[in-house]
Amino acid sequence: MAAPLPTTTDALVGVYRKPPVEFVRGAGVELFDSDGKAYLDFVAGIAVNALGYGDAELEQAMRNALDGSLIHLSNLYRTQAGERLAEQLVKKSFADRVFFCNSGAEANEGAFKMARRWGRSVGGAPKHEIVSLRGGFHGRLFGTLAATDRPQYRAPFRPLAGGISIMERDLDELRVALNPETVAALIVEPIQGEGGVRVLERTFLQELRALTRERGILLILDEIQCGYARTGSFWAYENSGITPDILTAAKPMAGGLPMGAVLVTQAVADVMQPGDHGTTFGGGPFVSSVALHVLDRLSDPELLTSVRARGDELRTALVALQSSNGKVRAVRGMGLMWGIDVAEPAKDVVARAMDLGLLICSAGEHTLRLLPPLVISRGDLQRGIDLLARAIG
Ligand SMILES: *Cc1c(COP(=O)(O)O)cnc(C)c1O
């Protein structure tokens, strides 16, 4: 047995490595440690802090949501803010109905349950299988872990939830393996995040859509990381011209407060009856009020235009870096979500970047990942790129 990981305090379960710094303050796209050192943040709380730090309007929205208002009610009672948020999400997407929960994995668990329920309702033999793709990350709860392609996360918890399998990102294989008699749903990230920032080709997504539609299989898009303006369109699926049957969202939804959502078509919503699913906190008044503000901000056409412009600048800079620096093996991404394959272990570059005052994270052993706040300015982006080039060496 490996020795337990050292944690910050012995009062925490040691599932996270001891962090090298403690941040005490944030402003714009920068974080500050207890010595006052500034760090340009290209992690954004893992794609959560899309509006950066200390955003005056977000803070005001939080104060307004507190001011004499209800924090929590439970889903035994109506919640105005939650209903309004659902209406806005329906208006701004393919979906007809929304279910709220509290995290990404919880959203995917909800999507899996809906897919199973649907698979039992469509006539013929019940279809129950859920299929995910090689490199996919869909969460670490009991059901979603079985759909997450990370051997080291999975191995200690076998046997994993049944009826969930992982297939290659290969059309020929999927054509053979997606059995219309048994498969209820295929779940994919339009851009795989944890799996190395892999942009699924537009034509590949279109083929998956055609194949699933033809075979009566639901297509679930996990946009927990790549949705909500990250790619420069509000939803990542807009870049491929397809729409899913189910979409899951979470990370940036509520400005740093925990929230997730399952967006579904009417056909999927129709199979869900009272009692089929539920959660105590989901869609509560406080978090939903804040999420209404965030949705407004991130779906603003000006913000989306700015993300596309910054995304183009980042693409140009990273392509140039790759051609001038032999240590950069490949760059992949879209909008403000990028992966950079490097020769040496990613964690060493992440550590050097931190010394230089730039926060980046990894997505696999040899892949760096950039997820800056979506409000980043051209100058800060350039500054980050310069620091990144120095950190790569
Ligand atoms: C982060 C993430 C999840 C899991 O979300 P949690 O809130 O950590 O449970 C699922 N899918 C994708 C694509 C993610 O990036």
# chains A, B, ... in the order shown; residues from 1 in each chain; ligands from 1
>>> closest_atom_pairs(of="chain A", to="ligand 1", cutoff="8 Å", atoms="only C-alpha atoms and all ligand atoms", output="tab-separated table")
residue	atom	partner	partner_atom_place_in_ligand_line	distance
A:Ile46	CA	ligand 1	1 (C)	7.6
A:Asn102	CA	ligand 1	7 (O)	7.5
A:Ser103	CA	ligand 1	7 (O)	3.9
A:Gly104	CA	ligand 1	5 (O)	3.2
A:Ala105	CA	ligand 1	9 (O)	3.6
A:Glu106	CA	ligand 1	9 (O)	6.2
A:Ala107	CA	ligand 1	9 (O)	7.9
A:Asn108	CA	ligand 1	10 (C)	7.1
A:Gly136	CA	ligand 1	13 (C)	7.6
A:Phe137	CA	ligand 1	11 (N)	5.3
A:His138	CA	ligand 1	11 (N)	3.8
A:Gly139	CA	ligand 1	4 (C)	4.0
A:Arg140	CA	ligand 1	9 (O)	6.6
A:Leu141	CA	ligand 1	9 (O)	7.4
A:Glu189	CA	ligand 1	13 (C)	6.0
A:Gln192	CA	ligand 1	13 (C)	6.6
A:Gly193	CA	ligand 1	15 (O)	5.7
A:Glu194	CA	ligand 1	15 (O)	6.4
A:Asp222	CA	ligand 1	13 (C)	5.6
A:Glu223	CA	ligand 1	13 (C)	6.0
A:Ile224	CA	ligand 1	13 (C)	4.8
A:Gln225	CA	ligand 1	15 (O)	4.2
A:Cys226	CA	ligand 1	13 (C)	7.2
A:Ala250	CA	ligand 1	7 (O)	6.4
A:Lys251	CA	ligand 1	7 (O)	6.2
A:Pro258	CA	ligand 1	7 (O)	7.7
A:Gly260	CA	ligand 1	7 (O)	7.5
>>> residues_around(residues="Tyr237 of chain A", least_positions_apart="6", cutoff="9 Å", atoms="only C-alpha atoms", output="compact mmCIF listing (two decimals) with all heavy atoms, in the first residue's frame")
# COMPACT_ATOMS: atom_id res chain seq x y z
N PRO A 190 -18.49 16.99 -26.43
CA PRO A 190 -18.10 17.56 -27.74
C PRO A 190 -16.61 17.93 -27.77
O PRO A 190 -15.96 17.79 -28.79
CB PRO A 190 -18.98 18.79 -27.87
CG PRO A 190 -20.20 18.48 -27.04
CD PRO A 190 -19.67 17.67 -25.88
N LEU A 205 -19.25 14.12 -34.93
CA LEU A 205 -20.45 14.36 -34.12
C LEU A 205 -21.71 14.22 -34.97
O LEU A 205 -22.72 13.67 -34.52
CB LEU A 205 -20.39 15.75 -33.47
CG LEU A 205 -19.46 15.87 -32.27
CD1 LEU A 205 -19.26 17.33 -31.88
CD2 LEU A 205 -20.01 15.08 -31.08
N LEU A 221 -25.09 14.84 -24.64
CA LEU A 221 -23.87 15.65 -24.74
C LEU A 221 -23.52 16.16 -23.34
O LEU A 221 -24.33 16.82 -22.69
CB LEU A 221 -24.06 16.82 -25.70
CG LEU A 221 -24.20 16.44 -27.18
CD1 LEU A 221 -24.28 17.70 -28.04
CD2 LEU A 221 -23.06 15.55 -27.66
N GLU A 223 -21.75 18.73 -21.61
CA GLU A 223 -21.15 20.07 -21.83
C GLU A 223 -20.81 20.73 -20.51
O GLU A 223 -20.81 21.95 -20.36
CB GLU A 223 -22.08 20.95 -22.67
CG GLU A 223 -22.30 20.42 -24.09
CD GLU A 223 -22.46 21.53 -25.13
OE1 GLU A 223 -22.27 22.72 -24.78
OE2 GLU A 223 -22.78 21.20 -26.29
N GLY A 227 -19.41 23.66 -22.33
CA GLY A 227 -20.59 24.46 -22.59
C GLY A 227 -20.53 25.83 -21.94
O GLY A 227 -19.51 26.21 -21.38
N THR A 243 -28.15 18.67 -32.61
CA THR A 243 -28.69 18.86 -31.26
C THR A 243 -28.82 17.49 -30.60
O THR A 243 -29.10 16.49 -31.26
CB THR A 243 -30.09 19.54 -31.27
OG1 THR A 243 -30.97 18.75 -32.04
CG2 THR A 243 -30.00 20.95 -31.84
N PRO A 244 -28.61 17.45 -29.28
CA PRO A 244 -28.71 16.18 -28.56
C PRO A 244 -30.15 15.92 -28.10
O PRO A 244 -31.04 16.75 -28.32
CB PRO A 244 -27.82 16.43 -27.35
CG PRO A 244 -28.03 17.89 -27.05
CD PRO A 244 -28.21 18.56 -28.38
>>> closest_residue(among="A:Met272, A:Ala95, A:Val307, A:Ala86", to="Ser121 of chain A", atoms="only C-alpha atoms")
A:Met272
>>> closest_residue(among="A:Cys361, A:Leu298, A:Val183, A:Leu200", to="Gly333 of chain A", atoms="only C-alpha atoms")
A:Leu200
>>> atom_distance(atom1="atom CA of Asp33 of chain A", atom2="atom CA of Ala317 of chain A")
28.3 Å
>>> residues_around(residues="Gln60 of chain A", least_positions_apart="5", cutoff="12 Å", atoms="only C-alpha atoms", output="list in words")
Gly54, Asp55, Ala65, Leu66, Asp67, Gly255, Ser289, Val290, His293 and Val294 of chain A
>>> write_last_selection(atoms="C-alpha atoms", output="mmCIF file, in the first residue's frame")
data_model
loop_
_atom_site.group_PDB
_atom_site.id
_atom_site.type_symbol
_atom_site.label_atom_id
_atom_site.label_comp_id
_atom_site.auth_asym_id
_atom_site.auth_seq_id
_atom_site.Cartn_x
_atom_site.Cartn_y
_atom_site.Cartn_z
ATOM 1 C CA GLY A 54 -14.474 40.103 -7.679
ATOM 2 C CA ASP A 55 -16.924 40.723 -10.519
ATOM 3 C CA ALA A 65 -30.406 36.952 -4.080
ATOM 4 C CA LEU A 66 -29.775 37.111 -0.323
ATOM 5 C CA ASP A 67 -31.627 40.274 0.450
ATOM 6 C CA GLY A 255 -20.753 31.766 -10.564
ATOM 7 C CA SER A 289 -31.148 33.590 -8.765
ATOM 8 C CA VAL A 290 -27.383 33.757 -9.093
ATOM 9 C CA HIS A 293 -27.443 36.404 -13.659
ATOM 10 C CA VAL A 294 -24.601 34.170 -14.895
#
>>> closest_residue(among="A:Gly82, A:Gly45, A:Gly68, A:Pro372", to="Gly283 of chain A", atoms="only C-alpha atoms")
A:Gly82
>>> residues_around(residues="Ser34 of chain A", least_positions_apart="4", cutoff="9 Å", atoms="only C-alpha atoms", output="list in words")
Val21, Glu22, Phe23, Val24 and Arg25 of chain A
>>> residues_around(residues="Phe286 of chain A", least_positions_apart="5", cutoff="12 Å", atoms="only C-alpha atoms", output="VMD selection string")
chain A and resid 61 to 74 79 to 82 85 254 to 255 257 to 259 281 291 to 293
>>> closest_residue(among="A:Asp312, A:Asp341, A:Asp270, A:Glu87", to="Arg198 of chain A", atoms="only C-alpha atoms")
A:Asp341
>>> closest_residue(among="A:Ser165, A:Asn75, A:Ser240, A:Ser299", to="Gly284 of chain A", atoms="only C-alpha atoms")
A:Asn75
>>> residues_around(residues="Trp338 of chain A", least_positions_apart="6", cutoff="6 Å", atoms="only C-alpha atoms", output="list in words")
Arg332, Arg369 and Leu370 of chain A
>>> write_last_selection(atoms="C-alpha atoms", output="CSV table (one decimal), in the first residue's frame")
chain,number,residue,atom,x,y,z
A,332,ARG,CA,-5.8,21.2,-29.6
A,369,ARG,CA,-4.7,22.5,-20.2
A,370,LEU,CA,-5.7,26.2,-20.4
>>> closest_residue(among="A:Glu181, A:Glu313, A:Asp355, A:Glu207", to="Gly119 of chain A", atoms="only C-alpha atoms")
A:Glu181
>>> select_by_dssp(residues="segment 147-300 of chain A", states="strand (DSSP E or B)", output="count of residues only")
31
